[in-house]
$ cat data_18.txt   # compact mmCIF, C-alpha atoms
# COMPACT_ATOMS: atom_id res chain seq x y z
CA MET A 1 -207.05 -146.89 -137.94
CA HIS A 2 -209.36 -144.72 -139.98
CA LYS A 3 -211.37 -144.19 -136.81
CA PHE A 4 -208.72 -141.66 -135.79
CA ALA A 5 -208.48 -140.15 -139.24
CA ASN A 6 -210.82 -137.32 -138.32
CA PRO A 7 -208.50 -134.45 -137.30
CA ALA A 8 -210.94 -133.09 -134.70
CA ARG A 9 -211.18 -136.51 -133.08
CA PHE A 10 -207.40 -136.90 -133.15
CA ILE A 11 -206.96 -133.52 -131.44
CA ARG A 12 -209.51 -134.45 -128.75
CA LEU A 13 -207.74 -137.77 -128.18
CA SER A 14 -204.29 -136.22 -127.98
CA ASP A 15 -205.57 -133.54 -125.56
CA LEU A 16 -206.76 -136.40 -123.39
CA LEU A 17 -203.45 -138.29 -123.61
CA LEU A 18 -200.97 -135.42 -123.41
CA PRO A 19 -201.22 -134.59 -119.66
CA TRP A 20 -200.73 -138.25 -118.77
CA LEU A 21 -197.78 -138.66 -121.11
CA MET A 22 -196.23 -135.49 -119.72
CA ALA A 23 -196.64 -136.77 -116.17
CA VAL A 24 -194.99 -140.07 -117.16
CA THR A 25 -192.12 -138.15 -118.79
CA VAL A 26 -191.51 -136.01 -115.69
CA ILE A 27 -191.66 -138.97 -113.29
CA LEU A 28 -189.35 -141.18 -115.38
CA LEU A 29 -186.93 -138.35 -116.05
CA THR A 30 -186.74 -137.33 -112.39
CA GLY A 31 -186.23 -140.92 -111.24
CA GLY A 32 -183.83 -141.63 -114.09
CA LEU A 33 -181.68 -138.53 -113.56
CA TYR A 34 -181.53 -139.14 -109.81
CA MET A 35 -180.28 -142.67 -110.41
CA VAL A 36 -177.85 -141.54 -113.13
CA PHE A 37 -176.15 -139.01 -110.88
CA PHE A 38 -176.55 -140.41 -107.36
CA ALA A 39 -177.52 -144.05 -107.42
CA SER A 40 -175.47 -145.69 -110.14
CA PRO A 41 -171.92 -147.01 -109.83
CA ASP A 42 -168.85 -146.00 -111.80
CA ASP A 43 -167.83 -148.41 -114.52
CA TYR A 44 -164.86 -150.70 -113.85
CA GLN A 45 -163.04 -149.33 -116.89
CA GLN A 46 -164.58 -145.99 -117.71
CA GLY A 47 -165.20 -144.54 -114.26
CA ALA A 48 -167.81 -141.78 -114.10
CA THR A 49 -167.58 -141.17 -117.87
CA VAL A 50 -169.95 -144.10 -118.31
CA ARG A 51 -172.79 -141.76 -117.26
CA ILE A 52 -172.74 -140.30 -120.78
CA MET A 53 -174.29 -143.61 -121.77
CA TYR A 54 -177.55 -142.68 -120.01
CA VAL A 55 -178.08 -139.85 -122.50
CA HIS A 56 -176.28 -141.27 -125.53
CA VAL A 57 -178.01 -144.65 -125.75
CA PRO A 58 -181.60 -143.38 -125.27
CA ALA A 59 -180.98 -140.56 -127.77
CA ALA A 60 -179.59 -142.98 -130.36
CA TYR A 61 -182.55 -145.28 -129.76
CA MET A 62 -185.03 -142.43 -130.26
CA ALA A 63 -183.17 -141.39 -133.43
CA MET A 64 -183.93 -144.82 -134.89
CA LEU A 65 -187.45 -144.97 -133.43
CA GLY A 66 -188.20 -141.54 -134.90
CA TYR A 67 -187.17 -142.70 -138.34
CA SER A 68 -189.15 -145.92 -137.99
CA VAL A 69 -192.28 -143.95 -137.03
CA MET A 70 -191.67 -141.74 -140.05
CA ALA A 71 -191.26 -144.75 -142.37
CA VAL A 72 -194.37 -146.56 -141.10
CA ALA A 73 -196.44 -143.37 -141.35
CA SER A 74 -195.08 -142.72 -144.87
CA ALA A 75 -195.97 -146.27 -145.95
CA SER A 76 -199.53 -145.94 -144.65
CA SER A 77 -199.79 -142.59 -146.39
CA LEU A 78 -198.67 -144.06 -149.72
CA ILE A 79 -200.62 -147.31 -149.50
CA TRP A 80 -203.78 -146.57 -147.55
CA LYS A 81 -203.84 -142.79 -148.04
CA HIS A 82 -204.42 -142.38 -144.32
CA PRO A 83 -205.16 -138.67 -143.98
CA LEU A 84 -203.12 -138.15 -140.79
CA ALA A 85 -200.12 -140.25 -141.76
CA ASP A 86 -198.33 -137.46 -143.64
CA GLN A 87 -198.67 -135.13 -140.70
CA ILE A 88 -197.34 -137.79 -138.30
CA ALA A 89 -194.33 -138.46 -140.53
CA ARG A 90 -193.70 -134.75 -140.94
CA ALA A 91 -194.02 -134.15 -137.19
CA ALA A 92 -191.61 -136.97 -136.34
CA ALA A 93 -188.76 -135.68 -138.55
CA PRO A 94 -187.42 -132.74 -136.49
CA ILE A 95 -187.74 -134.72 -133.25
CA GLY A 96 -185.77 -137.59 -134.70
CA ALA A 97 -183.22 -135.18 -136.16
CA ALA A 98 -182.74 -133.53 -132.75
CA PHE A 99 -182.21 -136.90 -131.05
CA THR A 100 -179.76 -137.93 -133.80
CA LEU A 101 -177.78 -134.75 -133.20
CA ILE A 102 -177.78 -135.39 -129.44
CA ALA A 103 -176.56 -138.95 -130.01
CA LEU A 104 -173.77 -137.73 -132.31
CA ILE A 105 -172.65 -134.96 -129.95
CA THR A 106 -172.73 -137.06 -126.76
CA GLY A 107 -171.02 -139.88 -128.66
CA SER A 108 -168.28 -137.51 -129.70
CA LEU A 109 -167.84 -136.23 -126.14
CA TRP A 110 -167.68 -139.83 -124.96
CA GLY A 111 -165.29 -140.93 -127.70
CA ARG A 112 -162.68 -138.29 -126.90
CA PRO A 113 -161.76 -139.57 -123.40
CA MET A 114 -162.46 -143.28 -124.05
CA TRP A 115 -161.26 -143.94 -127.58
CA GLY A 116 -158.94 -140.99 -127.85
CA THR A 117 -160.77 -139.32 -130.74
CA TRP A 118 -163.83 -137.13 -131.31
CA TRP A 119 -164.76 -138.79 -134.55
CA VAL A 120 -163.80 -141.67 -136.82
CA TRP A 121 -165.34 -142.72 -140.11
CA ASP A 122 -166.34 -146.20 -139.01
CA ALA A 123 -169.55 -147.85 -140.21
CA ARG A 124 -171.63 -147.03 -137.11
CA LEU A 125 -170.71 -143.37 -136.83
CA THR A 126 -170.97 -142.78 -140.56
CA SER A 127 -174.37 -144.46 -140.90
CA VAL A 128 -175.76 -142.35 -138.03
CA LEU A 129 -174.44 -139.21 -139.71
CA ILE A 130 -176.25 -140.32 -142.87
CA LEU A 131 -179.40 -140.70 -140.75
CA LEU A 132 -179.07 -137.05 -139.69
CA PHE A 133 -178.72 -135.99 -143.34
CA LEU A 134 -181.78 -138.07 -144.27
CA TYR A 135 -183.81 -136.29 -141.62
CA LEU A 136 -182.56 -132.89 -142.79
CA GLY A 137 -183.18 -133.75 -146.44
CA TYR A 138 -186.68 -134.94 -145.61
CA MET A 139 -187.46 -131.71 -143.77
CA ALA A 140 -186.02 -129.63 -146.61
CA LEU A 141 -188.09 -131.52 -149.18
CA TRP A 142 -191.31 -130.71 -147.32
CA GLU A 143 -190.43 -127.03 -147.50
CA ALA A 144 -189.23 -127.17 -151.10
CA ILE A 145 -192.46 -128.41 -152.71
CA GLU A 146 -195.34 -125.96 -152.67
CA ASP A 147 -198.23 -128.34 -153.34
CA PRO A 148 -198.85 -130.22 -150.05
CA ILE A 149 -200.14 -133.36 -151.77
CA LYS A 150 -197.09 -133.62 -154.05
CA ALA A 151 -194.80 -132.76 -151.14
CA ALA A 152 -196.34 -135.48 -149.00
CA LYS A 153 -195.87 -138.07 -151.73
CA ALA A 154 -192.28 -137.14 -152.52
CA CYS A 155 -191.38 -137.03 -148.82
CA ALA A 156 -193.04 -140.40 -148.15
CA ILE A 157 -190.94 -141.99 -150.90
CA LEU A 158 -187.76 -140.38 -149.56
CA ALA A 159 -188.55 -141.59 -146.03
CA LEU A 160 -189.11 -145.15 -147.25
CA VAL A 161 -185.96 -145.21 -149.38
CA GLY A 162 -183.95 -143.90 -146.44
CA PHE A 163 -185.36 -146.58 -144.18
CA VAL A 164 -182.80 -149.09 -145.51
CA ASN A 165 -180.28 -147.15 -143.42
CA VAL A 166 -181.96 -148.12 -140.13
CA PRO A 167 -181.02 -151.84 -140.17
CA ILE A 168 -177.58 -150.83 -141.45
CA ILE A 169 -177.10 -148.64 -138.36
CA LYS A 170 -178.34 -151.38 -136.07
CA PHE A 171 -176.17 -154.14 -137.50
CA SER A 172 -173.15 -152.09 -138.62
CA VAL A 173 -171.26 -153.11 -135.47
CA ASP A 174 -171.85 -156.80 -136.22
CA TRP A 175 -171.23 -156.78 -139.98
CA TRP A 176 -167.99 -154.82 -140.07
CA ASN A 177 -165.01 -154.06 -137.88
CA THR A 178 -165.88 -150.79 -136.20
CA LEU A 179 -164.36 -148.71 -133.45
CA HIS A 180 -167.81 -148.50 -131.89
CA GLN A 181 -168.49 -151.42 -129.58
CA PRO A 182 -171.24 -153.96 -130.36
CA ALA A 183 -174.75 -153.74 -128.87
CA SER A 184 -175.08 -154.12 -125.10
CA LEU A 185 -178.81 -153.86 -124.64
CA PHE A 186 -180.80 -155.30 -127.52
CA LYS A 187 -178.90 -158.40 -128.42
CA MET A 188 -179.17 -162.15 -128.34
CA GLY A 189 -178.56 -163.64 -124.91
CA GLY A 190 -179.63 -160.61 -122.91
CA SER A 191 -178.00 -157.38 -121.91
CA SER A 192 -174.33 -157.15 -120.96
CA ILE A 193 -174.92 -154.20 -118.66
CA HIS A 194 -174.86 -154.79 -114.93
CA PRO A 195 -178.37 -154.42 -113.36
CA GLU A 196 -177.22 -151.45 -111.25
CA MET A 197 -176.49 -149.61 -114.49
CA LEU A 198 -179.29 -151.17 -116.50
CA TRP A 199 -182.08 -149.68 -114.36
CA PRO A 200 -181.10 -146.03 -114.75
CA LEU A 201 -180.60 -146.69 -118.46
CA LEU A 202 -184.07 -148.24 -118.84
CA LEU A 203 -185.65 -145.36 -116.89
CA MET A 204 -183.93 -142.85 -119.16
CA ILE A 205 -185.03 -144.76 -122.26
CA GLY A 206 -188.60 -144.72 -120.91
CA ALA A 207 -188.36 -140.99 -120.20
CA PHE A 208 -186.98 -140.22 -123.66
CA LYS A 209 -189.66 -142.34 -125.29
CA ALA A 210 -192.50 -140.68 -123.36
CA TYR A 211 -190.99 -137.29 -124.23
CA PHE A 212 -190.81 -138.32 -127.88
CA PHE A 213 -194.52 -139.11 -127.98
CA VAL A 214 -195.46 -135.93 -126.08
CA ILE A 215 -193.68 -133.82 -128.68
CA LEU A 216 -194.96 -135.98 -131.54
CA LEU A 217 -198.62 -135.63 -130.52
CA TRP A 218 -198.12 -131.95 -129.87
CA ARG A 219 -196.54 -131.34 -133.25
CA VAL A 220 -199.19 -133.35 -135.12
CA LYS A 221 -201.85 -131.32 -133.33
CA THR A 222 -200.11 -128.08 -134.29
CA LEU A 223 -199.78 -129.16 -137.93
CA LEU A 224 -203.48 -130.11 -138.06
CA ILE A 225 -204.54 -126.80 -136.54
CA GLY A 226 -202.26 -124.96 -138.97
CA ARG A 227 -203.84 -126.80 -141.87
CA LYS A 228 -207.29 -125.91 -140.59
CA ILE A 229 -206.33 -122.23 -140.30
CA ARG A 230 -205.01 -122.21 -143.85
CA ALA A 231 -208.20 -123.85 -145.12
CA LEU A 232 -210.35 -121.28 -143.30
CA ARG A 233 -208.28 -118.40 -144.72
CA MET A 234 -208.66 -119.81 -148.22
CA ALA A 235 -212.40 -120.12 -147.73
CA GLN A 236 -212.54 -116.53 -146.48
CA LEU A 237 -210.58 -115.32 -149.50
CA GLY A 238 -212.98 -117.22 -151.71
CA ASP A 239 -215.97 -115.52 -150.08
CA ASN A 240 -214.62 -112.01 -150.61
CA MET B 241 -215.77 -145.98 -158.35
CA SER B 242 -216.76 -149.22 -156.68
CA LEU B 243 -215.47 -150.36 -153.30
CA SER B 244 -213.64 -153.39 -154.71
CA SER B 245 -211.59 -151.31 -157.11
CA VAL B 246 -210.51 -149.08 -154.20
CA SER B 247 -209.24 -152.06 -152.22
CA ALA B 248 -207.63 -153.48 -155.36
CA ARG B 249 -205.72 -150.26 -155.83
CA LYS B 250 -204.69 -150.27 -152.18
CA ARG B 251 -203.39 -153.78 -152.60
CA ARG B 252 -201.51 -152.78 -155.74
CA ARG B 253 -199.92 -149.84 -153.93
CA LEU B 254 -198.97 -152.15 -151.05
CA TYR B 255 -197.26 -154.56 -153.47
CA MET B 256 -195.49 -151.65 -155.16
CA VAL B 257 -194.13 -150.28 -151.87
CA VAL B 258 -193.11 -153.70 -150.56
CA GLY B 259 -191.63 -154.70 -153.92
CA GLY B 260 -189.79 -151.39 -154.22
CA LEU B 261 -188.30 -151.74 -150.75
CA ALA B 262 -187.27 -155.35 -151.46
CA VAL B 263 -185.48 -154.37 -154.68
CA LEU B 264 -183.83 -151.44 -152.92
CA GLY B 265 -182.77 -153.68 -150.03
CA VAL B 266 -181.16 -156.18 -152.40
CA ALA B 267 -179.39 -153.38 -154.28
CA VAL B 268 -178.02 -151.87 -151.07
CA ALA B 269 -176.95 -155.31 -149.81
CA LEU B 270 -175.03 -155.90 -153.07
CA VAL B 271 -173.36 -152.50 -152.87
CA LEU B 272 -172.37 -153.02 -149.24
CA THR B 273 -170.98 -156.46 -149.98
CA ALA B 274 -168.97 -155.07 -152.88
CA LEU B 275 -167.66 -152.24 -150.71
CA GLU B 276 -166.93 -154.44 -147.72
CA GLU B 277 -163.18 -153.83 -148.01
CA ASN B 278 -163.69 -150.09 -147.72
CA ILE B 279 -166.25 -150.20 -144.94
CA VAL B 280 -164.06 -152.30 -142.66
CA PHE B 281 -162.49 -149.84 -140.25
CA PHE B 282 -159.45 -151.92 -139.40
CA TYR B 283 -157.69 -155.17 -140.25
CA GLY B 284 -156.82 -157.84 -137.72
CA PRO B 285 -153.27 -159.26 -137.44
CA SER B 286 -154.23 -162.46 -139.30
CA GLU B 287 -155.62 -160.46 -142.20
CA VAL B 288 -152.49 -158.31 -142.31
CA LYS B 289 -150.22 -161.37 -142.49
CA GLU B 290 -152.46 -163.07 -145.01
CA LYS B 291 -153.04 -160.09 -147.32
CA GLN B 292 -149.39 -159.06 -147.64
CA LEU B 293 -150.31 -155.38 -147.66
CA PRO B 294 -147.70 -153.32 -149.51
CA MET B 295 -145.03 -151.73 -147.33
CA GLY B 296 -145.48 -148.05 -146.69
CA GLN B 297 -149.22 -148.12 -147.30
CA ARG B 298 -151.25 -146.61 -144.47
CA PHE B 299 -153.92 -148.77 -142.90
CA ARG B 300 -155.50 -149.49 -139.53
CA LEU B 301 -154.57 -152.48 -137.45
CA GLY B 302 -156.86 -153.57 -134.64
CA GLY B 303 -156.98 -156.29 -132.01
CA LEU B 304 -156.09 -156.93 -128.41
CA VAL B 305 -152.90 -155.69 -126.78
CA GLU B 306 -151.08 -158.95 -126.07
CA ASP B 307 -150.61 -159.75 -122.39
CA GLY B 308 -147.05 -159.12 -121.25
CA SER B 309 -146.03 -157.49 -124.51
CA TYR B 310 -146.07 -153.85 -123.43
CA LYS B 311 -142.77 -152.11 -122.77
CA MET B 312 -141.22 -148.70 -123.17
CA LEU B 313 -138.23 -148.73 -125.52
CA PRO B 314 -134.90 -147.46 -124.12
CA ASP B 315 -135.36 -144.13 -125.93
CA GLY B 316 -138.06 -143.34 -123.36
CA ILE B 317 -140.69 -142.13 -125.82
CA THR B 318 -141.57 -145.16 -127.92
CA HIS B 319 -144.25 -147.51 -126.65
CA ALA B 320 -143.80 -151.06 -127.89
CA PHE B 321 -146.53 -153.65 -127.73
CA ALA B 322 -147.97 -156.48 -129.79
CA ILE B 323 -151.48 -156.59 -131.21
CA THR B 324 -153.00 -160.03 -131.37
CA ASP B 325 -156.21 -161.67 -132.48
CA GLY B 326 -155.41 -164.93 -130.72
CA ALA B 327 -153.86 -166.52 -133.80
CA GLU B 328 -151.34 -164.00 -135.11
CA ALA B 329 -149.62 -161.03 -133.52
CA VAL B 330 -148.02 -157.92 -134.96
CA GLN B 331 -145.39 -155.85 -133.14
CA VAL B 332 -146.31 -152.16 -132.89
CA TYR B 333 -144.17 -149.10 -132.13
CA TYR B 334 -145.86 -145.86 -131.20
CA LYS B 335 -144.56 -142.48 -130.11
CA GLY B 336 -147.19 -140.38 -128.39
CA LEU B 337 -149.86 -140.34 -125.76
CA LEU B 338 -151.82 -143.52 -125.20
CA PRO B 339 -155.56 -143.26 -124.45
CA ASP B 340 -156.79 -143.80 -120.87
CA LEU B 341 -158.28 -147.18 -121.63
CA PHE B 342 -155.03 -148.55 -123.08
CA ARG B 343 -153.84 -151.58 -121.16
CA GLU B 344 -152.78 -155.13 -121.86
CA GLY B 345 -155.72 -157.27 -122.91
CA GLN B 346 -157.61 -154.18 -124.09
CA GLY B 347 -158.92 -153.78 -127.64
CA VAL B 348 -157.16 -151.07 -129.63
CA VAL B 349 -157.19 -149.74 -133.17
CA THR B 350 -153.95 -148.24 -134.48
CA GLU B 351 -153.19 -146.43 -137.69
CA GLY B 352 -149.83 -146.41 -139.42
CA THR B 353 -147.58 -148.26 -141.83
CA LEU B 354 -145.83 -151.62 -141.85
CA ARG B 355 -142.04 -151.59 -141.90
CA PRO B 356 -140.12 -154.16 -143.99
CA ASP B 357 -139.21 -156.01 -140.76
CA GLU B 358 -142.96 -156.40 -140.09
CA VAL B 359 -143.05 -153.84 -137.27
CA PHE B 360 -146.12 -151.66 -137.47
CA MET B 361 -145.21 -148.00 -136.99
CA ALA B 362 -148.36 -146.45 -135.53
CA THR B 363 -149.04 -142.75 -135.66
CA GLU B 364 -152.36 -143.02 -133.85
CA VAL B 365 -153.66 -145.38 -131.18
CA LEU B 366 -157.37 -145.51 -130.34
CA ALA B 367 -158.82 -147.60 -127.53
CA LYS B 368 -161.82 -149.74 -128.29
CA HIS B 369 -164.03 -150.49 -125.35
CA ASP B 370 -166.25 -153.51 -125.18
CA GLU B 371 -169.99 -153.80 -124.68
CA ASN B 372 -169.75 -154.86 -121.03
CA TYR B 373 -170.63 -152.37 -118.34
CA MET B 374 -170.30 -153.18 -114.66
CA PRO B 375 -169.28 -151.61 -111.36
CA LYS B 376 -165.65 -152.01 -110.31
CA GLU B 377 -166.55 -154.25 -107.36
CA VAL B 378 -168.39 -156.64 -109.64
CA ALA B 379 -165.45 -156.82 -112.04
CA GLU B 380 -163.16 -157.63 -109.13
CA ALA B 381 -165.54 -160.24 -107.74
CA LEU B 382 -165.75 -161.88 -111.16
CA LYS B 383 -161.98 -162.01 -111.39
CA LYS B 384 -161.77 -163.57 -107.95
CA ALA B 385 -164.38 -166.16 -108.80
CA GLY B 386 -162.47 -167.03 -111.97
CA THR B 387 -165.42 -166.30 -114.26
CA TRP B 388 -163.82 -163.17 -115.71
CA GLN B 389 -164.24 -162.92 -119.46
CA GLY B 390 -161.28 -160.64 -119.97
CA ASP B 391 -161.01 -157.07 -121.20
CA GLY B 392 -161.65 -156.32 -124.80
CA HIS B 393 -163.86 -159.34 -125.14
CA GLY B 394 -166.01 -157.48 -127.62
CA VAL B 395 -163.18 -156.93 -130.06
CA SER B 396 -163.34 -159.17 -133.06
CA GLY B 397 -161.40 -159.02 -136.26
CA SER B 398 -163.95 -159.68 -139.00
CA GLY B 399 -165.32 -163.07 -138.19
CA ASP B 400 -162.57 -164.65 -136.12
CA THR B 401 -163.35 -163.87 -132.53
CA PRO B 402 -160.24 -163.97 -130.40
CA GLU B 403 -160.67 -166.60 -127.75
CA LYS B 404 -159.03 -164.81 -124.91
CA GLY B 405 -160.92 -165.37 -121.76
CA GLU B 406 -158.75 -166.65 -119.01
CA GLY B 407 -155.85 -164.63 -117.71
CA GLU B 408 -156.27 -161.37 -115.88
CA ALA B 409 -155.72 -158.13 -117.63
CA VAL B 410 -152.65 -156.28 -116.40
CA PHE B 411 -153.86 -152.83 -115.48
CA LYS B 412 -151.47 -150.13 -116.52
CA GLY B 413 -150.31 -147.90 -113.70
CA GLN B 414 -151.65 -150.10 -110.94
$ encode --input "data_18.txt" --output "structure tokens"
Amino acid sequence: MHKFANPARFIRLSDLLLPWLMAVTVILLTGGLYMVFFASPDDYQQGATVRIMYVHVPAAYMAMLGYSVMAVASASSLIWKHPLADQIARAAAPIGAAFTLIALITGSLWGRPMWGTWWVWDARLTSVLILLFLYLGYMALWEAIEDPIKAAKACAILALVGFVNVPIIKFSVDWWNTLHQPASLFKMGGSSIHPEMLWPLLLMIGAFKAYFFVILLWRVKTLLIGRKIRALRMAQLGDN
Amino acid sequence: MSLSSVSARKRRRLYMVVGGLAVLGVAVALVLTALEENIVFFYGPSEVKEKQLPMGQRFRLGGLVEDGSYKMLPDGITHAFAITDGAEAVQVYYKGLLPDLFREGQGVVTEGTLRPDEVFMATEVLAKHDENYMPKEVAEALKKAGTWQGDGHGVSGSGDTPEKGEGEAVFKGQ
């Protein structure tokens, strides 16, 4: 992994990857959205409202993926002192937070017509709200500590401590009675979504994932360039 | 600083992180187990009968709307239905609008209080939908073929999964 530790090399590599990832995002999103609106059936119970699923589920999935990326990067920063890991974790936080917010909002819009309520304090909904606060707290902590090395360390520890929430979110619907229904997609015995609805969902998940990595690479690149600019300014100040 | 001491420190940091996470995981698991009562969003009918919850105390009751139990009381505004988990059933009265998904065989969560005559007076009824998604035609074909799993199949009251499979759901307003 240390092969990519050189920021200049990382930027070159991401410049090479970004156009391809963007193309994949656009293709998957176009195909996915077309299927969502024109080529997928209404649900037997929920009617057309089921189409909220095609945004809600991928967003919720990216919310958890974002945090997992952050946790893995934080661990490699703490343990192996990988020089890019902090920047990757830091870059992932706002993306994950945005997806968490999208999942919460679309879930609320979906809950109102189907359950009859915008919000309940059941284990799934509450643990996802905690995930949003963890993201926000993590971002605030980066800003609150002046020294970047200390900030990186404190944030890495916060990210790892918060990671216990991720399995709680995943399994909350199995461990406790919740209003939220159990998993349909990633569960033992295969998905319980009809193939005609599964395909648009998988396309949308692919699109969201590709988009996630586009923004992640982009943000890491920006953070690295920002760091370089600050270092150059410092050097200039030192010269004068 | 020799190379071996660097890798030794890396290993020590790895153990610290893994150990820290393990301790944290155990602590959280203990807390969640201790708080289980409070995290559970609703009780099933069996739990309600078994626990003897005090009268007048607000709680949530969840389960499947029993087939054939729904009726409108003569006053014209009170919905009466029974909530079942397959073993026990509790009679529920509710004045107000029912959610779109409400129908017999469907999972619901209600909030209210238990009357001395064991009728649950609900002030709120939420529909719980299951994890199955399929087009209408497929649902109908399944019902015809007799392999229908029933609405609200995903509803389970902590542990005891209601074994309702056979029997068509009666669709409200159809």
$ atom_distance --input "data_18.txt" --atom1 "atom CA of Met295 of chain B" --atom2 "atom CA of Leu354 of chain B"
5.5 Å
$ residues_around --input "data_18.txt" --residues "Leu275 of chain B" --least-positions-apart "6" --cutoff "12 Å" --atoms "all atoms listed in the file" --output "compact mmCIF listing (two decimals) with C-alpha atoms, in the coordinates of the input"
# COMPACT_ATOMS: atom_id res chain seq x y z
CA ALA A 123 -169.55 -147.85 -140.21
CA TRP A 176 -167.99 -154.82 -140.07
CA VAL B 268 -178.02 -151.87 -151.07
CA ALA B 269 -176.95 -155.31 -149.81
CA PHE B 281 -162.49 -149.84 -140.25
$ residues_near_point --input "data_18.txt" --point "(-169.8, -137.8, -129.5)" --cutoff "8 Å" --atoms "only C-alpha atoms" --output "VMD selection string"
chain A and resid 103 to 112 118 to 119
$ residues_near_point --input "data_18.txt" --point "(-178.2, -139.0, -117.6)" --cutoff "6 Å" --atoms "only C-alpha atoms" --output "PyMOL selection string"
chain A and resi 33+36+54-55
$ interface_residues --input "data_18.txt" --of "chain A" --to "chain B" --cutoff "8 Å" --atoms "all atoms listed in the file" --output "PyMOL selection string"
chain A and resi 41-46+75+78-80+113-117+121-123+160-161+164+175-184+192-194+196-197
$ atom_distance --input "data_18.txt" --atom1 "atom CA of Ala59 of chain A" --atom2 "atom CA of Leu202 of chain A"
12.2 Å
$ atom_distance --input "data_18.txt" --atom1 "atom CA of Arg233 of chain A" --atom2 "atom CA of Trp142 of chain A"
21.1 Å
$ residues_around --input "data_18.txt" --residues "Val359 of chain B" --least-positions-apart "6" --cutoff "10 Å" --atoms "all atoms listed in the file" --output "PyMOL selection string"
chain B and resi 320+322+330-333+353
$ write_last_selection --input "data_18.txt" --atoms "C-alpha atoms" --output "PDB file, in the frame of the given file"
ATOM      1  CA  ALA B 320    -143.800-151.060-127.890  1.00  0.00           C
ATOM      2  CA  ALA B 322    -147.970-156.480-129.790  1.00  0.00           C
ATOM      3  CA  VAL B 330    -148.020-157.920-134.960  1.00  0.00           C
ATOM      4  CA  GLN B 331    -145.390-155.850-133.140  1.00  0.00           C
ATOM      5  CA  VAL B 332    -146.310-152.160-132.890  1.00  0.00           C
ATOM      6  CA  TYR B 333    -144.170-149.100-132.130  1.00  0.00           C
ATOM      7  CA  THR B 353    -147.580-148.260-141.830  1.00  0.00           C
TER       8      THR B 353
END
$ residues_around --input "data_18.txt" --residues "segment 133-138 of chain A" --least-positions-apart "6" --cutoff "8 Å" --atoms "all atoms listed in the file" --output "list of chain:residue names"
A:Tyr67, A:Ala93, A:Pro94, A:Gly96, A:Ala97, A:Cys155, A:Leu158, A:Ala159, A:Gly162
$ residues_around --input "data_18.txt" --residues "Ile88 of chain A" --least-positions-apart "4" --cutoff "10 Å" --atoms "all atoms listed in the file" --output "PDB file with C-alpha atoms, in the coordinates of the input"
ATOM      1  CA  VAL A  69    -192.280-143.950-137.030  1.00  0.00           C
ATOM      2  CA  MET A  70    -191.670-141.740-140.050  1.00  0.00           C
ATOM      3  CA  VAL A  72    -194.370-146.560-141.100  1.00  0.00           C
ATOM      4  CA  ALA A  73    -196.440-143.370-141.350  1.00  0.00           C
ATOM      5  CA  SER A  74    -195.080-142.720-144.870  1.00  0.00           C
ATOM      6  CA  SER A  77    -199.790-142.590-146.390  1.00  0.00           C
ATOM      7  CA  PRO A  83    -205.160-138.670-143.980  1.00  0.00           C
ATOM      8  CA  LEU A  84    -203.120-138.150-140.790  1.00  0.00           C
ATOM      9  CA  ALA A  92    -191.610-136.970-136.340  1.00  0.00           C
ATOM     10  CA  ALA A  93    -188.760-135.680-138.550  1.00  0.00           C
ATOM     11  CA  LEU A 216    -194.960-135.980-131.540  1.00  0.00           C
ATOM     12  CA  LEU A 217    -198.620-135.630-130.520  1.00  0.00           C
ATOM     13  CA  ARG A 219    -196.540-131.340-133.250  1.00  0.00           C
ATOM     14  CA  VAL A 220    -199.190-133.350-135.120  1.00  0.00           C
ATOM     15  CA  LYS A 221    -201.850-131.320-133.330  1.00  0.00           C
ATOM     16  CA  LEU A 223    -199.780-129.160-137.930  1.00  0.00           C
ATOM     17  CA  LEU A 224    -203.480-130.110-138.060  1.00  0.00           C
TER      18      LEU A 224
END
$ build_atoms --input "data_18.txt" --residues "segment 336-343 of chain B" --atoms "N, CA and C atoms" --output "PDB file, in the coordinates of the input"
ATOM      1  N   GLY B 336    -146.091-141.322-128.651  1.00  0.00           N
ATOM      2  CA  GLY B 336    -147.190-140.380-128.390  1.00  0.00           C
ATOM      3  C   GLY B 336    -147.972-140.799-127.170  1.00  0.00           C
ATOM      4  N   LEU B 337    -149.049-140.075-126.935  1.00  0.00           N
ATOM      5  CA  LEU B 337    -149.860-140.340-125.760  1.00  0.00           C
ATOM      6  C   LEU B 337    -150.806-141.500-126.015  1.00  0.00           C
ATOM      7  N   LEU B 338    -150.875-142.406-125.071  1.00  0.00           N
ATOM      8  CA  LEU B 338    -151.820-143.520-125.200  1.00  0.00           C
ATOM      9  C   LEU B 338    -153.143-143.124-124.538  1.00  0.00           C
ATOM     10  N   PRO B 339    -154.279-143.591-125.075  1.00  0.00           N
ATOM     11  CA  PRO B 339    -155.560-143.260-124.450  1.00  0.00           C
ATOM     12  C   PRO B 339    -155.705-143.907-123.066  1.00  0.00           C
ATOM     13  N   ASP B 340    -156.607-143.337-122.260  1.00  0.00           N
ATOM     14  CA  ASP B 340    -156.790-143.800-120.870  1.00  0.00           C
ATOM     15  C   ASP B 340    -157.080-145.292-120.770  1.00  0.00           C
ATOM     16  N   LEU B 341    -157.838-145.785-121.722  1.00  0.00           N
ATOM     17  CA  LEU B 341    -158.280-147.180-121.630  1.00  0.00           C
ATOM     18  C   LEU B 341    -157.195-148.164-122.058  1.00  0.00           C
ATOM     19  N   PHE B 342    -156.067-147.647-122.573  1.00  0.00           N
ATOM     20  CA  PHE B 342    -155.030-148.550-123.080  1.00  0.00           C
ATOM     21  C   PHE B 342    -154.454-149.383-121.947  1.00  0.00           C
ATOM     22  N   ARG B 343    -154.492-150.674-122.102  1.00  0.00           N
ATOM     23  CA  ARG B 343    -153.840-151.580-121.160  1.00  0.00           C
ATOM     24  C   ARG B 343    -153.727-152.937-121.840  1.00  0.00           C
TER      25      ARG B 343
END
